[in-house]
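Visitor: Data file input-v5.cif (mmCIF, C-alpha atoms) is appended below.
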data_start
loop_
_atom_site.group_PDB
_atom_site.id
_atom_site.type_symbol
_atom_site.label_atom_id
_atom_site.label_comp_id
_atom_site.auth_asym_id
_atom_site.auth_seq_id
_atom_site.Cartn_x
_atom_site.Cartn_y
_atom_site.Cartn_z
ATOM 1 C CA MET A 1 -1.659 -14.925 2.869
ATOM 2 C CA TYR A 2 -3.766 -12.803 5.204
ATOM 3 C CA LYS A 3 -4.641 -14.635 8.392
ATOM 4 C CA LYS A 4 -6.113 -12.058 10.756
ATOM 5 C CA LEU A 5 -8.586 -9.173 10.430
ATOM 6 C CA SER A 6 -8.691 -6.362 12.984
ATOM 7 C CA VAL A 7 -11.961 -4.415 13.055
ATOM 8 C CA LEU A 8 -11.567 -1.035 14.760
ATOM 9 C CA ILE A 9 -14.685 0.547 16.283
ATOM 10 C CA PRO A 10 -14.343 4.129 17.556
ATOM 11 C CA VAL A 11 -17.280 4.726 19.900
ATOM 12 C CA PHE A 12 -18.871 7.816 21.390
ATOM 13 C CA ASN A 13 -22.409 7.769 22.791
ATOM 14 C CA GLU A 14 -23.657 4.725 20.871
ATOM 15 C CA LYS A 15 -25.574 2.974 23.663
ATOM 16 C CA LYS A 16 -28.480 2.064 21.374
ATOM 17 C CA THR A 17 -26.405 0.436 18.639
ATOM 18 C CA ILE A 18 -23.082 -0.835 19.979
ATOM 19 C CA LYS A 19 -24.274 -4.300 21.044
ATOM 20 C CA LYS A 20 -26.039 -4.928 17.718
ATOM 21 C CA CYS A 21 -22.969 -3.660 15.849
ATOM 22 C CA VAL A 22 -20.682 -6.066 17.703
ATOM 23 C CA ASP A 23 -23.069 -8.994 17.182
ATOM 24 C CA ASN A 24 -23.210 -8.238 13.449
ATOM 25 C CA ILE A 25 -19.417 -8.215 13.205
ATOM 26 C CA LEU A 26 -19.054 -11.475 15.117
ATOM 27 C CA ASN A 27 -21.410 -13.115 12.610
ATOM 28 C CA ALA A 28 -19.776 -11.563 9.534
ATOM 29 C CA ASP A 29 -17.965 -13.432 6.761
ATOM 30 C CA THR A 30 -14.282 -12.542 7.220
ATOM 31 C CA PHE A 31 -12.956 -14.534 4.261
ATOM 32 C CA GLY A 32 -11.716 -17.237 6.605
ATOM 33 C CA MET A 33 -9.517 -14.894 8.620
ATOM 34 C CA GLU A 34 -9.259 -14.872 12.379
ATOM 35 C CA LEU A 35 -11.284 -11.933 13.750
ATOM 36 C CA GLU A 36 -10.152 -9.357 16.272
ATOM 37 C CA ILE A 37 -12.492 -6.545 17.358
ATOM 38 C CA ILE A 38 -10.966 -3.497 19.023
ATOM 39 C CA ILE A 39 -13.336 -0.964 20.564
ATOM 40 C CA SER A 40 -12.118 2.419 21.783
ATOM 41 C CA ASP A 41 -14.640 4.457 23.749
ATOM 42 C CA ASN A 42 -14.149 8.218 23.621
ATOM 43 C CA ASN A 43 -15.427 8.971 27.135
ATOM 44 C CA SER A 44 -19.112 8.320 26.355
ATOM 45 C CA ASN A 45 -21.647 9.706 28.806
ATOM 46 C CA ASP A 46 -24.930 8.153 27.636
ATOM 47 C CA GLY A 47 -24.577 4.674 29.121
ATOM 48 C CA THR A 48 -22.357 3.265 26.360
ATOM 49 C CA VAL A 49 -19.578 2.571 28.855
ATOM 50 C CA GLU A 50 -21.910 0.448 30.961
ATOM 51 C CA GLU A 51 -23.006 -1.479 27.850
ATOM 52 C CA LEU A 52 -19.397 -2.113 26.883
ATOM 53 C CA LYS A 53 -18.500 -3.392 30.335
ATOM 54 C CA LEU A 54 -21.111 -6.116 29.873
ATOM 55 C CA ILE A 55 -19.252 -7.468 26.830
ATOM 56 C CA ASN A 56 -17.014 -10.425 27.585
ATOM 57 C CA HIS A 57 -15.648 -12.159 24.507
ATOM 58 C CA ASN A 58 -12.189 -13.516 23.730
ATOM 59 C CA GLN A 59 -12.162 -11.850 20.282
ATOM 60 C CA ILE A 60 -12.948 -8.390 21.638
ATOM 61 C CA LYS A 61 -10.618 -5.848 23.236
ATOM 62 C CA ILE A 62 -12.164 -2.734 24.787
ATOM 63 C CA PHE A 63 -10.325 0.433 25.781
ATOM 64 C CA PHE A 64 -11.759 3.420 27.624
ATOM 65 C CA LYS A 65 -10.475 6.975 27.305
ATOM 66 C CA ASP A 66 -10.863 9.442 30.164
ATOM 67 C CA LYS A 67 -11.260 12.386 27.795
ATOM 68 C CA ASN A 68 -12.963 12.879 24.421
ATOM 69 C CA THR A 69 -10.262 14.071 22.049
ATOM 70 C CA GLY A 70 -12.044 13.417 18.725
ATOM 71 C CA LYS A 71 -12.755 10.562 16.314
ATOM 72 C CA GLY A 72 -9.252 10.586 14.867
ATOM 73 C CA ALA A 73 -7.653 10.231 18.287
ATOM 74 C CA ASN A 74 -10.094 7.454 19.085
ATOM 75 C CA LEU A 75 -9.238 5.547 15.911
ATOM 76 C CA LYS A 76 -5.525 5.968 16.583
ATOM 77 C CA ASN A 77 -6.035 4.576 20.070
ATOM 78 C CA ALA A 78 -7.678 1.463 18.612
ATOM 79 C CA LEU A 79 -5.079 1.176 15.850
ATOM 80 C CA ALA A 80 -2.259 1.105 18.395
ATOM 81 C CA HIS A 81 -3.637 -2.183 19.725
ATOM 82 C CA ALA A 82 -4.419 -3.840 16.364
ATOM 83 C CA THR A 83 -2.483 -6.996 15.501
ATOM 84 C CA GLY A 84 -4.253 -8.047 12.299
ATOM 85 C CA ASP A 85 -2.817 -8.351 8.805
ATOM 86 C CA LEU A 86 -5.744 -6.277 7.543
ATOM 87 C CA ILE A 87 -7.284 -3.326 9.389
ATOM 88 C CA LEU A 88 -10.947 -2.390 8.853
ATOM 89 C CA PHE A 89 -12.642 0.777 10.134
ATOM 90 C CA GLN A 90 -16.189 0.170 11.406
ATOM 91 C CA ASP A 91 -18.504 2.851 12.830
ATOM 92 C CA ALA A 92 -20.754 1.731 15.676
ATOM 93 C CA ASP A 93 -23.951 3.418 14.520
ATOM 94 C CA LEU A 94 -25.244 0.692 12.130
ATOM 95 C CA GLU A 95 -24.978 2.924 9.052
ATOM 96 C CA TYR A 96 -22.548 0.415 7.545
ATOM 97 C CA SER A 97 -23.306 -3.302 7.387
ATOM 98 C CA PRO A 98 -20.746 -6.075 8.033
ATOM 99 C CA ASP A 99 -22.609 -7.980 5.314
ATOM 100 C CA ASP A 100 -20.327 -6.005 2.989
ATOM 101 C CA TYR A 101 -17.119 -7.421 4.476
ATOM 102 C CA PRO A 102 -16.668 -10.081 1.742
ATOM 103 C CA SER A 103 -16.901 -7.432 -0.991
ATOM 104 C CA MET A 104 -14.358 -5.244 0.769
ATOM 105 C CA LEU A 105 -11.921 -8.052 1.568
ATOM 106 C CA LYS A 106 -12.010 -9.810 -1.792
ATOM 107 C CA PRO A 107 -9.632 -7.343 -3.576
ATOM 108 C CA PHE A 108 -6.881 -8.155 -1.058
ATOM 109 C CA PHE A 109 -7.000 -11.833 -1.959
ATOM 110 C CA GLU A 110 -7.646 -11.574 -5.683
ATOM 111 C CA LEU A 111 -6.290 -8.200 -6.839
ATOM 112 C CA ASN A 112 -3.292 -7.562 -4.582
ATOM 113 C CA ALA A 113 -5.011 -4.557 -3.008
ATOM 114 C CA ASP A 114 -3.280 -2.363 -0.445
ATOM 115 C CA VAL A 115 -6.338 -0.256 0.400
ATOM 116 C CA VAL A 116 -10.066 -0.683 -0.242
ATOM 117 C CA TYR A 117 -12.710 2.023 0.192
ATOM 118 C CA GLY A 118 -16.366 1.097 0.516
ATOM 119 C CA SER A 119 -18.121 3.655 -1.674
ATOM 120 C CA ARG A 120 -21.686 4.860 -1.162
ATOM 121 C CA PHE A 121 -21.801 6.352 -4.641
ATOM 122 C CA ILE A 122 -20.924 3.561 -7.076
ATOM 123 C CA ARG A 123 -23.531 0.916 -7.894
ATOM 124 C CA SER A 124 -24.709 0.889 -4.289
ATOM 125 C CA LYS A 125 -26.641 -2.172 -3.178
ATOM 126 C CA PHE A 126 -29.083 0.030 -1.331
ATOM 127 C CA THR A 127 -28.909 3.616 -0.123
ATOM 128 C CA ARG A 128 -31.182 5.448 2.240
ATOM 129 C CA ILE A 129 -32.261 8.750 0.695
ATOM 130 C CA VAL A 130 -31.029 11.638 2.829
ATOM 131 C CA GLY A 131 -30.551 15.402 2.533
ATOM 132 C CA PHE A 132 -29.103 16.995 -0.602
ATOM 133 C CA PRO A 133 -26.498 19.209 1.191
ATOM 134 C CA ASN A 134 -24.602 16.195 2.584
ATOM 135 C CA TYR A 135 -24.534 14.591 -0.852
ATOM 136 C CA ILE A 136 -23.226 17.753 -2.517
ATOM 137 C CA ALA A 137 -20.601 18.299 0.203
ATOM 138 C CA ASN A 138 -19.302 14.748 -0.305
ATOM 139 C CA LYS A 139 -19.190 15.231 -4.057
ATOM 140 C CA ILE A 140 -17.329 18.540 -3.792
ATOM 141 C CA PHE A 141 -14.537 17.496 -1.465
ATOM 142 C CA THR A 142 -14.131 14.154 -3.248
ATOM 143 C CA LEU A 143 -13.765 16.022 -6.561
ATOM 144 C CA PHE A 144 -11.322 18.407 -4.867
ATOM 145 C CA ALA A 145 -9.233 15.467 -3.639
ATOM 146 C CA ASN A 146 -9.215 13.917 -7.114
ATOM 147 C CA ILE A 147 -7.980 17.151 -8.672
ATOM 148 C CA LEU A 148 -5.289 17.691 -6.040
ATOM 149 C CA TYR A 149 -3.996 14.114 -6.049
ATOM 150 C CA ASN A 150 -4.779 12.972 -9.607
ATOM 151 C CA MET A 151 -7.134 10.218 -8.466
ATOM 152 C CA ILE A 152 -10.657 9.001 -9.317
ATOM 153 C CA PHE A 153 -12.215 8.386 -5.904
ATOM 154 C CA THR A 154 -15.989 8.541 -5.650
ATOM 155 C CA ASP A 155 -16.300 8.736 -1.842
ATOM 156 C CA ILE A 156 -13.368 9.780 0.347
ATOM 157 C CA ALA A 157 -15.569 10.412 3.402
ATOM 158 C CA THR A 158 -16.794 6.837 3.619
ATOM 159 C CA GLY A 159 -16.624 5.269 7.050
ATOM 160 C CA TYR A 160 -15.692 1.900 5.535
ATOM 161 C CA LYS A 161 -12.000 1.565 4.739
ATOM 162 C CA VAL A 162 -9.691 -1.472 4.829
ATOM 163 C CA PHE A 163 -5.883 -1.385 4.773
ATOM 164 C CA ARG A 164 -2.946 -3.710 4.823
ATOM 165 C CA SER A 165 -1.598 -3.206 8.315
ATOM 166 C CA GLU A 166 1.792 -1.984 7.073
ATOM 167 C CA VAL A 167 0.132 0.712 4.964
ATOM 168 C CA ILE A 168 -2.110 2.303 7.586
ATOM 169 C CA LYS A 169 0.538 2.117 10.305
ATOM 170 C CA SER A 170 3.138 3.759 8.069
ATOM 171 C CA LEU A 171 1.041 6.906 7.591
ATOM 172 C CA GLN A 172 1.866 8.376 11.011
ATOM 173 C CA ILE A 173 -1.614 9.876 11.280
ATOM 174 C CA GLN A 174 -1.711 13.229 13.060
ATOM 175 C CA SER A 175 -5.382 14.230 12.941
ATOM 176 C CA ASN A 176 -7.480 13.901 16.074
ATOM 177 C CA GLY A 177 -10.889 14.853 14.680
ATOM 178 C CA PHE A 178 -12.989 14.002 11.640
ATOM 179 C CA GLU A 179 -10.204 15.370 9.450
ATOM 180 C CA ILE A 180 -8.549 11.979 9.848
ATOM 181 C CA GLU A 181 -10.517 10.871 6.756
ATOM 182 C CA PRO A 182 -9.000 13.381 4.282
ATOM 183 C CA GLU A 183 -5.571 13.023 5.890
ATOM 184 C CA ILE A 184 -5.601 9.283 5.215
ATOM 185 C CA THR A 185 -6.794 9.791 1.638
ATOM 186 C CA ALA A 186 -4.146 12.443 1.028
ATOM 187 C CA LYS A 187 -1.314 10.329 2.379
ATOM 188 C CA ILE A 188 -2.180 7.081 0.603
ATOM 189 C CA SER A 189 -2.630 9.051 -2.624
ATOM 190 C CA LYS A 190 0.972 10.211 -2.391
ATOM 191 C CA ILE A 191 2.387 6.698 -2.019
ATOM 192 C CA LYS A 192 3.917 5.432 -5.258
ATOM 193 C CA LYS A 193 2.828 2.069 -6.667
ATOM 194 C CA ILE A 194 -0.038 1.541 -4.240
ATOM 195 C CA ASN A 195 -3.123 -0.457 -5.225
ATOM 196 C CA ILE A 196 -6.288 1.328 -4.102
ATOM 197 C CA TYR A 197 -9.739 -0.041 -4.907
ATOM 198 C CA GLU A 198 -13.327 1.019 -4.320
ATOM 199 C CA VAL A 199 -16.249 -1.373 -3.956
ATOM 200 C CA PRO A 200 -19.975 -0.606 -3.651
ATOM 201 C CA ILE A 201 -21.492 -0.894 -0.193
ATOM 202 C CA SER A 202 -24.898 -0.557 1.396
ATOM 203 C CA ILE A 203 -25.592 2.492 3.534
ATOM 204 C CA ASN A 204 -28.376 3.096 6.034
ATOM 205 C CA SER A 205 -27.627 6.746 6.700
ATOM 206 C CA ARG A 206 -28.803 8.310 9.921
ATOM 207 C CA ASP A 207 -29.737 11.955 10.445
ATOM 208 C CA TYR A 208 -28.916 14.387 13.224
ATOM 209 C CA ASP A 209 -31.920 13.327 15.288
ATOM 210 C CA ASP A 210 -30.437 9.818 15.286
ATOM 211 C CA GLY A 211 -27.094 11.078 16.595
ATOM 212 C CA LYS A 212 -25.110 11.923 13.450
ATOM 213 C CA LYS A 213 -22.023 13.810 14.585
ATOM 214 C CA VAL A 214 -20.552 15.341 11.414
ATOM 215 C CA ARG A 215 -21.508 19.023 11.083
ATOM 216 C CA TRP A 216 -21.464 21.575 8.251
ATOM 217 C CA TRP A 217 -18.170 23.145 9.314
ATOM 218 C CA HIS A 218 -16.354 19.849 8.828
ATOM 219 C CA PHE A 219 -16.676 20.493 5.077
ATOM 220 C CA PHE A 220 -14.201 23.373 5.362
ATOM 221 C CA ILE A 221 -11.912 21.353 7.634
ATOM 222 C CA TYR A 222 -11.865 18.604 4.979
ATOM 223 C CA ILE A 223 -10.908 21.087 2.253
ATOM 224 C CA TYR A 224 -8.173 22.628 4.391
ATOM 225 C CA THR A 225 -6.779 19.196 5.326
ATOM 226 C CA LEU A 226 -6.626 18.078 1.699
ATOM 227 C CA LEU A 227 -4.721 21.222 0.781
ATOM 228 C CA LYS A 228 -2.375 20.973 3.760
ATOM 229 C CA TRP A 229 -1.272 17.402 3.032
ATOM 230 C CA ARG A 230 -0.986 18.024 -0.710
ATOM 231 C CA PHE A 231 1.872 20.445 -0.154
ATOM 232 C CA LYS A 232 3.301 19.232 3.157
ATOM 233 C CA LYS A 233 6.048 16.639 3.024
#
Can you dump the structure from the file as C-alpha cells?
Guide:
Amino acid sequence: MYKKLSVLIPVFNEKKTIKKCVDNILNADTFGMELEIIISDNNSNDGTVEELKLINHNQIKIFFKDKNTGKGANLKNALAHATGDLILFQDADLEYSPDDYPSMLKPFFELNADVVYGSRFIRSKFTRIVGFPNYIANKIFTLFANILYNMIFTDIATGYKVFRSEVIKSLQIQSNGFEIEPEITAKISKIKKINIYEVPISINSRDYDDGKKVRWWHFFIYIYTLLKWRFKK
C-alpha cells in the first residue's frame, strides 16, 4: 500500500537539536515503510550549517538555501524533493517526538486517511505546561477555522502533520511564512470527500528563551489567512 515515508525537516538555527532530531527519526517506527529524510536549511547562522555538513547518511538529503525566506518557503523547498507515498512534517527543535510516528501513520493503513494531524489538545500523552496566551491563541484560531470551514479540528497550528503525497502536492501552497499552517488547513478543508483525522501526540514545548520563533503577531496573520482562503478560489 504505502511503501515510503518522507520526513521533511525545515531548519533555521537549530544547532543544539538537529543531530538529536535526526537520530530520533532514524530510530523511529515507520510502520515498515522505507524512510527518507529531507532537510532544508533556511540560511542558518548559528553553526547549524556546519552540523548538517557532518551528516552523511544514504537516507538523508540536505539542501541549503542562500537566503531565509520563511518557514513556508523552507517546507516547500523540502517538499519539492520528496518522493515518499506519505509526507510528514517534522520540526527540528525536539518539541515533537518521533515516538508518535506509529500513532500518526496508523490511520493511513487502517482508516483510509488522506491527512492526519497530531493534536496537542486531545488526550495528550504528556504536555509541558506553558504560558496561557499561546494556549488561548491556538484555541481561538482553531475555533475560527472550524466555524469558517465547518470542521471540528482541535489544533490547526500543530507542527505534526502527515499527508498522502498526492494531497499535499495538489494544494499548490503559496505561503512563505508561518501562515503556511492555516493555508494548508483551509485548502484541505475545502476538498470534497477527504478523510482527515487527528491523533493525540506528546509535546515538549519550548519557550522564547529556548529559541521559539512564533510571535504574537502571527495570530493575526493566521486569522487573515483563514479568511483569505475561505473566500478565494
Visitor: Distance table requested - region 18-77 of chain A against region 92-111 of chain A, cut-off 8 Å, only C-alpha atoms: one row per qualifying residue with the closest atom pair and its distance in Å to one decimal, ordered by chain and rising residue number, as JSON lines.
Guide:
{"residue": "A:Ile18", "atom": "CA", "partner": "A:Ala92", "partner_atom": "CA", "distance": 5.5}
{"residue": "A:Lys20", "atom": "CA", "partner": "A:Leu94", "partner_atom": "CA", "distance": 8.0}
{"residue": "A:Cys21", "atom": "CA", "partner": "A:Ala92", "partner_atom": "CA", "distance": 5.8}
{"residue": "A:Asn24", "atom": "CA", "partner": "A:Pro98", "partner_atom": "CA", "distance": 6.3}
{"residue": "A:Ile25", "atom": "CA", "partner": "A:Pro98", "partner_atom": "CA", "distance": 5.8}
{"residue": "A:Ala28", "atom": "CA", "partner": "A:Pro98", "partner_atom": "CA", "distance": 5.8}
{"residue": "A:Asp29", "atom": "CA", "partner": "A:Pro102", "partner_atom": "CA", "distance": 6.2}
{"residue": "A:Thr30", "atom": "CA", "partner": "A:Pro102", "partner_atom": "CA", "distance": 6.5}
{"residue": "A:Phe31", "atom": "CA", "partner": "A:Pro102", "partner_atom": "CA", "distance": 6.3}
Visitor: Tell me which of A:Leu148, A:Val115, A:Ile37, A:Leu8 sits closest to Arg164 (chain A), counting only C-alpha atoms.
Guide: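 Looking only at the distances to Arg164 (chain A), the closest residue turns out to be A:Val115.
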Visitor: Would you write out, as a VMD selection string, every residue that the PyMOL selection byres ((chain A and resi 151-160) around 10) captures in this file?
Guide: chain A and resid 88 to 91 95 to 98 100 to 101 104 116 to 122 137 to 139 141 to 150 161 to 162 178 to 182 184 to 186 189 196 to 198 201 203 222
Visitor: So that I have them on file, write out the residues from the current selection with C-alpha atoms, as an mmCIF file, keeping the file's coordinate frame.
Guide:
data_model
loop_
_atom_site.group_PDB
_atom_site.id
_atom_site.type_symbol
_atom_site.label_atom_id
_atom_site.label_comp_id
_atom_site.auth_asym_id
_atom_site.auth_seq_id
_atom_site.Cartn_x
_atom_site.Cartn_y
_atom_site.Cartn_z
ATOM 1 C CA LEU A 88 -10.947 -2.390 8.853
ATOM 2 C CA PHE A 89 -12.642 0.777 10.134
ATOM 3 C CA GLN A 90 -16.189 0.170 11.406
ATOM 4 C CA ASP A 91 -18.504 2.851 12.830
ATOM 5 C CA GLU A 95 -24.978 2.924 9.052
ATOM 6 C CA TYR A 96 -22.548 0.415 7.545
ATOM 7 C CA SER A 97 -23.306 -3.302 7.387
ATOM 8 C CA PRO A 98 -20.746 -6.075 8.033
ATOM 9 C CA ASP A 100 -20.327 -6.005 2.989
ATOM 10 C CA TYR A 101 -17.119 -7.421 4.476
ATOM 11 C CA MET A 104 -14.358 -5.244 0.769
ATOM 12 C CA VAL A 116 -10.066 -0.683 -0.242
ATOM 13 C CA TYR A 117 -12.710 2.023 0.192
ATOM 14 C CA GLY A 118 -16.366 1.097 0.516
ATOM 15 C CA SER A 119 -18.121 3.655 -1.674
ATOM 16 C CA ARG A 120 -21.686 4.860 -1.162
ATOM 17 C CA PHE A 121 -21.801 6.352 -4.641
ATOM 18 C CA ILE A 122 -20.924 3.561 -7.076
ATOM 19 C CA ALA A 137 -20.601 18.299 0.203
ATOM 20 C CA ASN A 138 -19.302 14.748 -0.305
ATOM 21 C CA LYS A 139 -19.190 15.231 -4.057
ATOM 22 C CA PHE A 141 -14.537 17.496 -1.465
ATOM 23 C CA THR A 142 -14.131 14.154 -3.248
ATOM 24 C CA LEU A 143 -13.765 16.022 -6.561
ATOM 25 C CA PHE A 144 -11.322 18.407 -4.867
ATOM 26 C CA ALA A 145 -9.233 15.467 -3.639
ATOM 27 C CA ASN A 146 -9.215 13.917 -7.114
ATOM 28 C CA ILE A 147 -7.980 17.151 -8.672
ATOM 29 C CA LEU A 148 -5.289 17.691 -6.040
ATOM 30 C CA TYR A 149 -3.996 14.114 -6.049
ATOM 31 C CA ASN A 150 -4.779 12.972 -9.607
ATOM 32 C CA LYS A 161 -12.000 1.565 4.739
ATOM 33 C CA VAL A 162 -9.691 -1.472 4.829
ATOM 34 C CA PHE A 178 -12.989 14.002 11.640
ATOM 35 C CA GLU A 179 -10.204 15.370 9.450
ATOM 36 C CA ILE A 180 -8.549 11.979 9.848
ATOM 37 C CA GLU A 181 -10.517 10.871 6.756
ATOM 38 C CA PRO A 182 -9.000 13.381 4.282
ATOM 39 C CA ILE A 184 -5.601 9.283 5.215
ATOM 40 C CA THR A 185 -6.794 9.791 1.638
ATOM 41 C CA ALA A 186 -4.146 12.443 1.028
ATOM 42 C CA SER A 189 -2.630 9.051 -2.624
ATOM 43 C CA ILE A 196 -6.288 1.328 -4.102
ATOM 44 C CA TYR A 197 -9.739 -0.041 -4.907
ATOM 45 C CA GLU A 198 -13.327 1.019 -4.320
ATOM 46 C CA ILE A 201 -21.492 -0.894 -0.193
ATOM 47 C CA ILE A 203 -25.592 2.492 3.534
ATOM 48 C CA TYR A 222 -11.865 18.604 4.979
#
Visitor: Using Å and a single decimal, report how far CA of Ile173 (chain A) sits from CA of Asp66 (chain A).
Guide: 21.0 Å
Visitor: For Ile87 (chain A), please output as a PDB file with C-alpha atoms, keeping the file's coordinate frame all residues within 6 Å (counting all atoms listed in the file; exclusion window: fewer than 4 positions along the same chain).
Guide:
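Listing of result-v3.pdb after writing:
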ATOM      1  CA  SER A   6      -8.691  -6.362  12.984  1.00  0.00           C
ATOM      2  CA  VAL A 162      -9.691  -1.472   4.829  1.00  0.00           C
ATOM      3  CA  PHE A 163      -5.883  -1.385   4.773  1.00  0.00           C
ATOM      4  CA  SER A 165      -1.598  -3.206   8.315  1.00  0.00           C
TER       5      SER A 165
END
Visitor: For CA of Ser40 (chain A) and CA of Val22 (chain A), quote the distance in Å rounded to one decimal.
Guide: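 We find that CA of Ser40 (chain A) and CA of Val22 (chain A) lie 12.7 Å from each other.
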Visitor: Apply the PyMOL selection byres ((chain A and resi 67) around 10) to the displayed file and report the matching residues as a list in words.
Guide: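 The output of the PyMOL selection byres ((chain A and resi 67) around 10) on this file is Asp41, Asn42, Asn43, Ser44, Phe64, Lys65, Asp66, Asn68, Thr69 and Gly70 of chain A.
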Visitor: When you count only C-alpha atoms, which of these residues is closest to Thr83 (chain A): A:Asn58, A:Asp23, A:Lys169, A:Leu52?
Guide: A:Lys169
Visitor: Can you translate the PyMOL selection byres ((chain A and resi 59) around 12) into the concrete residues it hits in this file, as a short mmCIF file (atom, residue, chain, number, x, y, z; two decimals) with C-alpha atoms, in the frame of the given file?
Guide:
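Once written, expr00.cif looks like this:
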data_model
loop_
_atom_site.label_atom_id
_atom_site.label_comp_id
_atom_site.auth_asym_id
_atom_site.auth_seq_id
_atom_site.Cartn_x
_atom_site.Cartn_y
_atom_site.Cartn_z
CA LYS A 4 -6.11 -12.06 10.76
CA LEU A 5 -8.59 -9.17 10.43
CA SER A 6 -8.69 -6.36 12.98
CA VAL A 7 -11.96 -4.42 13.06
CA VAL A 22 -20.68 -6.07 17.70
CA ASP A 23 -23.07 -8.99 17.18
CA ILE A 25 -19.42 -8.22 13.20
CA LEU A 26 -19.05 -11.48 15.12
CA GLU A 34 -9.26 -14.87 12.38
CA LEU A 35 -11.28 -11.93 13.75
CA GLU A 36 -10.15 -9.36 16.27
CA ILE A 37 -12.49 -6.54 17.36
CA ILE A 38 -10.97 -3.50 19.02
CA ILE A 39 -13.34 -0.96 20.56
CA ILE A 55 -19.25 -7.47 26.83
CA ASN A 56 -17.01 -10.42 27.58
CA HIS A 57 -15.65 -12.16 24.51
CA ASN A 58 -12.19 -13.52 23.73
CA ILE A 60 -12.95 -8.39 21.64
CA LYS A 61 -10.62 -5.85 23.24
CA ILE A 62 -12.16 -2.73 24.79
CA ALA A 82 -4.42 -3.84 16.36
CA THR A 83 -2.48 -7.00 15.50
CA GLY A 84 -4.25 -8.05 12.30
#
Visitor: To one decimal place, how far is CA of Lys71 (chain A) from CA of His218 (chain A) in Å?
Guide: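 Distance reported for this atom pair: 12.5 Å.
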Visitor: Tell me, as a PDB file with C-alpha atoms, keeping the file's coordinate frame, which residues lie within 8 Å of Tyr2 (chain A), counting all atoms listed in the file; anything in the same chain fewer than 4 positions away does not count.
Guide:
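Saved as part-v2.pdb:
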ATOM      1  CA  MET A  33      -9.517 -14.894   8.620  1.00  0.00           C
ATOM      2  CA  ASP A  85      -2.817  -8.351   8.805  1.00  0.00           C
ATOM      3  CA  LEU A  86      -5.744  -6.277   7.543  1.00  0.00           C
ATOM      4  CA  PHE A 109      -7.000 -11.833  -1.959  1.00  0.00           C
TER       5      PHE A 109
END
Visitor: For Asn195 (chain A), which residue among A:Asn77, A:Asn45, A:Thr17, A:Asn112 is the nearest when counting all atoms listed in the file?
Guide: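 Smallest distance to Asn195 (chain A) is found for A:Asn112.
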